[in-house]
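S.K.: Sending over final.tsv (TSV, C-alpha atoms).
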```
chain	number	residue	atom	x	y	z
B	1	MET	CA	18.94	-1.17	0.54
B	2	ALA	CA	16.67	-4.08	1.43
B	3	SER	CA	16.75	-6.96	3.87
B	4	VAL	CA	16.10	-10.09	1.80
B	5	LEU	CA	15.28	-13.69	2.72
B	6	VAL	CA	16.16	-16.20	0.01
B	7	VAL	CA	14.28	-19.52	0.29
B	8	GLU	CA	15.95	-21.89	-2.17
B	9	ASP	CA	17.12	-25.50	-1.75
B	10	ASP	CA	19.33	-25.62	-4.87
B	11	GLN	CA	22.76	-24.69	-3.51
B	12	PHE	CA	24.04	-23.39	-6.86
B	13	VAL	CA	21.04	-21.09	-7.42
B	14	ARG	CA	21.05	-20.07	-3.77
B	15	SER	CA	24.73	-19.08	-3.84
B	16	ALA	CA	24.26	-17.10	-7.05
B	17	LEU	CA	21.31	-15.18	-5.60
B	18	ILE	CA	23.18	-14.45	-2.38
B	19	ARG	CA	26.20	-13.20	-4.32
B	20	HIS	CA	24.17	-10.97	-6.62
B	21	LEU	CA	22.03	-9.49	-3.86
B	22	THR	CA	25.02	-8.88	-1.60
B	23	GLU	CA	26.89	-7.17	-4.43
B	24	ALA	CA	23.83	-4.93	-4.84
B	25	SER	CA	24.27	-3.92	-1.14
B	26	HIS	CA	21.26	-5.85	0.14
B	27	THR	CA	21.37	-7.68	3.46
B	28	VAL	CA	20.72	-11.35	2.76
B	29	ARG	CA	19.75	-14.36	4.85
B	30	SER	CA	19.06	-17.70	3.20
B	31	VAL	CA	17.43	-21.03	4.04
B	32	GLY	CA	16.71	-24.22	2.14
B	33	THR	CA	13.38	-25.35	3.59
B	34	ALA	CA	9.91	-23.94	4.20
B	35	LEU	CA	10.03	-24.53	7.96
B	36	GLU	CA	13.32	-22.67	8.22
B	37	ALA	CA	11.74	-19.80	6.26
B	38	LEU	CA	8.82	-19.61	8.67
B	39	ARG	CA	11.22	-19.49	11.64
B	40	GLU	CA	13.27	-16.74	9.98
B	41	VAL	CA	10.22	-14.60	9.25
B	42	ALA	CA	8.94	-15.10	12.79
B	43	HIS	CA	12.21	-13.86	14.32
B	44	HIS	CA	13.58	-11.33	11.83
B	45	ARG	CA	12.21	-8.41	9.84
B	46	PHE	CA	12.59	-8.64	6.06
B	47	ASP	CA	11.68	-6.24	3.27
B	48	VAL	CA	11.13	-8.99	0.71
B	49	VAL	CA	11.16	-12.80	0.48
B	50	ILE	CA	12.26	-14.67	-2.66
B	51	LEU	CA	10.49	-18.03	-2.43
B	52	ASP	CA	11.25	-21.14	-4.48
B	53	LEU	CA	8.32	-23.54	-4.97
B	54	GLY	CA	10.22	-26.82	-5.16
B	55	LEU	CA	11.27	-27.11	-1.51
B	56	PRO	CA	12.17	-30.48	0.02
B	57	ASP	CA	9.89	-30.38	3.07
B	58	LEU	CA	6.83	-28.46	1.85
B	59	ASP	CA	5.64	-27.18	-1.50
B	60	GLY	CA	6.30	-23.47	-1.84
B	61	SER	CA	2.62	-22.74	-2.51
B	62	GLU	CA	1.76	-24.15	0.94
B	63	ALA	CA	4.67	-22.25	2.44
B	64	LEU	CA	3.25	-19.05	0.91
B	65	LYS	CA	-0.10	-19.59	2.64
B	66	MET	CA	1.66	-20.16	5.96
B	67	LEU	CA	3.80	-17.06	5.49
B	68	ARG	CA	0.70	-15.01	4.78
B	69	GLY	CA	-0.72	-16.19	8.10
B	70	ILE	CA	2.06	-14.46	10.04
B	71	THR	CA	3.38	-11.61	7.89
B	72	ASP	CA	2.55	-9.14	5.11
B	73	VAL	CA	6.16	-9.07	3.83
B	74	PRO	CA	6.24	-8.88	0.01
B	75	VAL	CA	6.89	-12.31	-1.53
B	76	ILE	CA	8.35	-12.89	-5.00
B	77	ILE	CA	7.86	-16.45	-6.24
B	78	ALA	CA	10.82	-17.98	-8.10
B	79	THR	CA	9.63	-21.02	-10.02
B	80	ALA	CA	10.37	-23.24	-12.98
B	81	ARG	CA	6.63	-23.78	-13.37
B	82	ASP	CA	4.95	-21.67	-16.05
B	83	ASP	CA	1.35	-22.90	-15.81
B	84	GLU	CA	-0.89	-19.82	-16.00
B	85	ALA	CA	-3.59	-21.27	-13.73
B	86	GLU	CA	-1.02	-21.95	-11.01
B	87	ILE	CA	0.47	-18.48	-11.34
B	88	VAL	CA	-3.01	-16.95	-10.91
B	89	ARG	CA	-3.59	-19.16	-7.86
B	90	LEU	CA	-0.29	-18.05	-6.32
B	91	LEU	CA	-1.16	-14.39	-6.82
B	92	ASN	CA	-4.57	-15.04	-5.28
B	93	ASP	CA	-2.88	-16.72	-2.33
B	94	GLY	CA	-0.86	-13.61	-1.58
B	95	ALA	CA	2.25	-13.59	-3.79
B	96	ASP	CA	3.24	-10.07	-4.84
B	97	ASP	CA	5.08	-11.11	-8.00
B	98	TYR	CA	6.68	-14.12	-9.66
B	99	LEU	CA	9.66	-14.99	-11.83
B	100	THR	CA	9.94	-18.02	-14.08
B	101	LYS	CA	13.31	-19.80	-13.99
B	102	PRO	CA	15.76	-19.30	-15.50
B	103	PHE	CA	15.82	-15.54	-15.02
B	104	SER	CA	18.56	-12.93	-15.21
B	105	VAL	CA	19.84	-10.99	-12.23
B	106	GLU	CA	18.73	-7.80	-14.01
B	107	HIS	CA	15.17	-9.14	-14.23
B	108	LEU	CA	15.20	-10.06	-10.54
B	109	SER	CA	16.53	-6.61	-9.61
B	110	ALA	CA	13.80	-4.88	-11.60
B	111	ARG	CA	11.03	-6.99	-10.05
B	112	MET	CA	12.43	-6.46	-6.55
B	113	ALA	CA	12.65	-2.71	-7.08
B	114	ALA	CA	9.01	-2.57	-8.25
B	115	VAL	CA	7.73	-4.63	-5.31
B	116	LEU	CA	9.73	-2.57	-2.80
B	117	ARG	CA	8.49	0.71	-4.32
B	118	ARG	CA	4.87	-0.42	-3.91
B	119	ALA	CA	5.46	-1.62	-0.35
B	120	ARG	CA	7.19	1.57	0.71
B	121	ALA	CA	4.59	3.78	-0.97
B	122	ALA	CA	1.84	1.90	0.88
B	123	ALA	CA	3.70	2.19	4.19
B	124	GLY	CA	4.27	5.91	3.70
B	125	ALA	CA	0.72	6.73	2.64
B	126	GLU	CA	-1.40	8.65	5.10
B	127	PRO	CA	-3.93	6.13	6.46
B	128	PRO	CA	-7.58	7.08	6.75
B	129	SER	CA	-8.43	8.32	10.23
B	130	ARG	CA	-12.06	7.22	10.33
B	131	VAL	CA	-13.93	3.98	10.51
B	132	LEU	CA	-15.80	3.23	7.28
B	133	ARG	CA	-19.43	2.20	7.85
B	134	VAL	CA	-21.74	0.63	5.29
B	135	GLY	CA	-24.90	-0.82	6.81
B	136	GLY	CA	-23.82	-3.30	9.47
B	137	LEU	CA	-20.23	-3.25	8.21
B	138	ALA	CA	-17.54	-1.31	10.09
B	139	ILE	CA	-14.06	-1.20	8.54
B	140	ASP	CA	-11.17	0.31	10.49
B	141	PRO	CA	-8.24	0.92	8.09
B	142	LEU	CA	-5.84	1.88	10.89
B	143	ARG	CA	-6.38	-1.33	12.86
B	144	ARG	CA	-7.02	-3.33	9.66
B	145	GLN	CA	-10.10	-4.80	11.24
B	146	ALA	CA	-13.58	-5.32	9.80
B	147	GLU	CA	-16.76	-6.18	11.66
B	148	LEU	CA	-20.20	-7.27	10.48
B	149	ASP	CA	-23.02	-6.58	12.93
B	150	GLY	CA	-20.44	-6.38	15.73
B	151	ALA	CA	-18.68	-9.67	14.87
B	152	VAL	CA	-15.05	-9.48	13.73
B	153	LEU	CA	-14.49	-10.83	10.22
B	154	ASP	CA	-11.52	-13.14	9.63
B	155	LEU	CA	-10.16	-11.62	6.40
B	156	THR	CA	-6.95	-12.17	4.49
B	157	ARG	CA	-4.83	-9.17	3.56
B	158	ARG	CA	-6.28	-8.96	0.03
B	159	GLU	CA	-9.84	-9.52	1.22
B	160	PHE	CA	-9.51	-6.65	3.68
B	161	ASP	CA	-7.92	-4.35	1.09
B	162	LEU	CA	-10.70	-5.12	-1.40
B	163	LEU	CA	-13.46	-4.59	1.16
B	164	ALA	CA	-11.92	-1.36	2.47
B	165	PHE	CA	-11.44	0.05	-1.03
B	166	LEU	CA	-15.09	-0.60	-1.94
B	167	ALA	CA	-16.31	0.66	1.45
B	168	GLY	CA	-14.56	3.95	0.79
B	169	ARG	CA	-16.84	4.33	-2.27
B	170	PRO	CA	-20.24	3.05	-1.07
B	171	GLY	CA	-22.81	2.71	-3.84
B	172	VAL	CA	-20.24	3.50	-6.54
B	173	VAL	CA	-19.64	0.94	-9.28
B	174	VAL	CA	-15.86	0.35	-9.43
B	175	ALA	CA	-14.43	-1.05	-12.65
B	176	ARG	CA	-12.38	-4.25	-12.45
B	177	ARG	CA	-9.40	-2.49	-14.02
B	178	GLU	CA	-9.45	0.06	-11.21
B	179	LEU	CA	-9.62	-2.72	-8.60
B	180	LEU	CA	-6.59	-4.42	-10.13
B	181	ALA	CA	-4.67	-1.14	-10.16
B	182	GLU	CA	-5.61	0.05	-6.67
B	183	VAL	CA	-5.95	-3.18	-4.66
B	184	TRP	CA	-3.46	-5.45	-6.45
B	185	GLN	CA	-1.19	-2.67	-7.82
B	186	GLN	CA	-1.29	-4.40	-11.21
B	187	SER	CA	-1.92	-2.74	-14.54
B	188	TYR	CA	-3.12	-6.04	-15.97
B	189	GLY	CA	-4.44	-9.35	-14.71
B	190	ASP	CA	-7.06	-12.05	-14.96
B	191	ASP	CA	-10.62	-11.27	-13.83
B	192	GLN	CA	-10.46	-14.60	-12.02
B	193	THR	CA	-8.27	-12.93	-9.40
B	194	ILE	CA	-11.09	-10.54	-8.50
B	195	ASP	CA	-13.83	-13.17	-8.81
B	196	VAL	CA	-12.09	-15.51	-6.38
B	197	HIS	CA	-11.69	-12.81	-3.74
B	198	LEU	CA	-15.25	-11.60	-4.20
B	199	SER	CA	-16.46	-15.16	-3.72
B	200	TRP	CA	-14.46	-15.50	-0.50
B	201	LEU	CA	-15.71	-12.13	0.74
B	202	ARG	CA	-19.34	-13.00	0.00
B	203	ARG	CA	-19.00	-16.23	1.96
B	204	LYS	CA	-17.70	-14.31	4.98
B	205	LEU	CA	-20.44	-11.69	4.63
B	206	GLY	CA	-23.07	-14.45	4.60
B	207	GLU	CA	-24.23	-13.94	1.04
B	208	THR	CA	-23.90	-15.40	-2.45
B	209	ALA	CA	-23.60	-14.00	-5.96
B	210	ALA	CA	-27.16	-15.15	-6.63
B	211	ARG	CA	-28.45	-13.53	-3.43
B	212	PRO	CA	-26.19	-10.54	-2.71
B	213	ARG	CA	-26.62	-8.29	0.32
B	214	TYR	CA	-23.59	-5.99	0.27
B	215	LEU	CA	-21.54	-6.94	-2.79
B	216	HIS	CA	-23.18	-6.41	-6.16
B	217	THR	CA	-21.59	-7.29	-9.50
B	218	LEU	CA	-22.74	-5.52	-12.62
B	219	ARG	CA	-21.77	-7.77	-15.51
B	220	GLY	CA	-19.33	-6.06	-17.86
B	221	VAL	CA	-19.21	-2.93	-15.68
B	222	GLY	CA	-17.78	-3.56	-12.22
B	223	VAL	CA	-18.53	-4.10	-8.54
B	224	LYS	CA	-20.16	-1.99	-5.86
B	225	LEU	CA	-20.64	-2.22	-2.10
B	226	GLU	CA	-23.84	-0.86	-0.59
B	227	PRO	CA	-25.99	-1.57	2.47
B	228	PRO	CA	-28.76	-4.16	2.21
B	229	GLN	CA	-32.09	-2.83	1.09
```
The structure given in the file should be rewritten as structure tokens.
M.R.:
Amino acid sequence: MASVLVVEDDQFVRSALIRHLTEASHTVRSVGTALEALREVAHHRFDVVILDLGLPDLDGSEALKMLRGITDVPVIIATARDDEAEIVRLLNDGADDYLTKPFSVEHLSARMAAVLRRARAAAGAEPPSRVLRVGGLAIDPLRRQAELDGAVLDLTRREFDLLAFLAGRPGVVVARRELLAEVWQQSYGDDQTIDVHLSWLRRKLGETAARPRYLHTLRGVGVKLEPPQ
């Protein structure tokens, strides 16, 4: 079973989640603020975090960004907000899934099981043993480190995963649907998710969409990574 951190300030909802998760044989710790959540994650190992957005000390979206700065633990957002643009932004910021309140315990269980399956499959996969090189780029999947012309790139988890996936197929045009499936483990999604991360990657690679060096987008087809000409 999983070790779960519940971050929820509503005592009624919090108690219900703790009861359900404990009955399902999960180990549960709970807090009511973002700062408490950060302390918990810094001192304990969790398999998944269930994060409410309406926290009293810090908005959950900001808490998510701070969590992503210190851990790759899967995060499921629990929110009463159903704005599509905000949901896309949360996924771009590193959320692994989201649930709109009110939700059933069965729905939560199914989402948790899916997130944990993906996380465990990724952890059990055999990592590549070689450094990927494309022009001046060097990507080390084992150390999760990327360099450009010898300088270490400061990449988020998703940015690194996207760059490494493309670097493993240099010169090959990869369809957006394949990127969503392989990098985000999603069978569907908004192209904006990919566009935002490509924009961030281009900025860190010192290029733009208008003047690409490594990342090339073929409209209506996909994306490829190749060395500068």
S.K.: In terms of the shortest atom-to-atom distance over all atoms listed in the file, which of B:Ala63, B:Leu163, B:Leu17, B:Val152 is closest to Leu108 of chain B?
M.R.: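 Nearest candidate to Leu108 of chain B out of B:Ala63, B:Leu163, B:Leu17, B:Val152: B:Leu17.
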S.K.: Could you pull the residues within 8 Å of segment 29-46 of chain B, counting only C-alpha atoms, minus those fewer than 4 positions along the same chain, as a ChimeraX atom specification?
M.R.: /B:2-10,14,18,55-60,63,66-67,70-71,73
S.K.: What gap, in Å, lies between atom CA of Val183 of chain B and atom CA of Thr79 of chain B?
M.R.: 24.3 Å
S.K.: So how many Å separate atom CA of Asp47 of chain B and atom CA of Lys101 of chain B, to one decimal?
M.R.: 22.0 Å
S.K.: Distance atom CA of Gly220 of chain B-atom CA of Glu178 of chain B, one decimal place?
M.R.: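 The value is 13.4 Å.
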S.K.: Near Leu132 of chain B, counting only C-alpha atoms, which residues have an atom at most 7 Å away, once you skip same-chain residues fewer than 6 positions from it, shown as an MDAnalysis selection string?
M.R.: chainID B and resid 138:140 167:168
S.K.: Leu153 of chain B: which residues within 9 Å, counting only C-alpha atoms, same-chain residues fewer than 3 positions away excluded, as an MDAnalysis selection string?
M.R.: chainID B and resid 145:148 204:205
S.K.: Counting all atoms listed in the file, figure out which residue out of B:Leu64, B:Val134, B:Arg176, B:Ile77 gets nearest to Leu218 of chain B.
M.R.: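 Nearest candidate to Leu218 of chain B out of B:Leu64, B:Val134, B:Arg176, B:Ile77: B:Arg176.
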S.K.: Which of these residues is nearest to Gly136 of chain B, using all atoms listed in the file: B:Pro228, B:Gly222, B:Gly206, B:Gly54?
M.R.: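 When distances to Gly136 of chain B are compared using all atoms listed in the file, the smallest one comes from B:Pro228.
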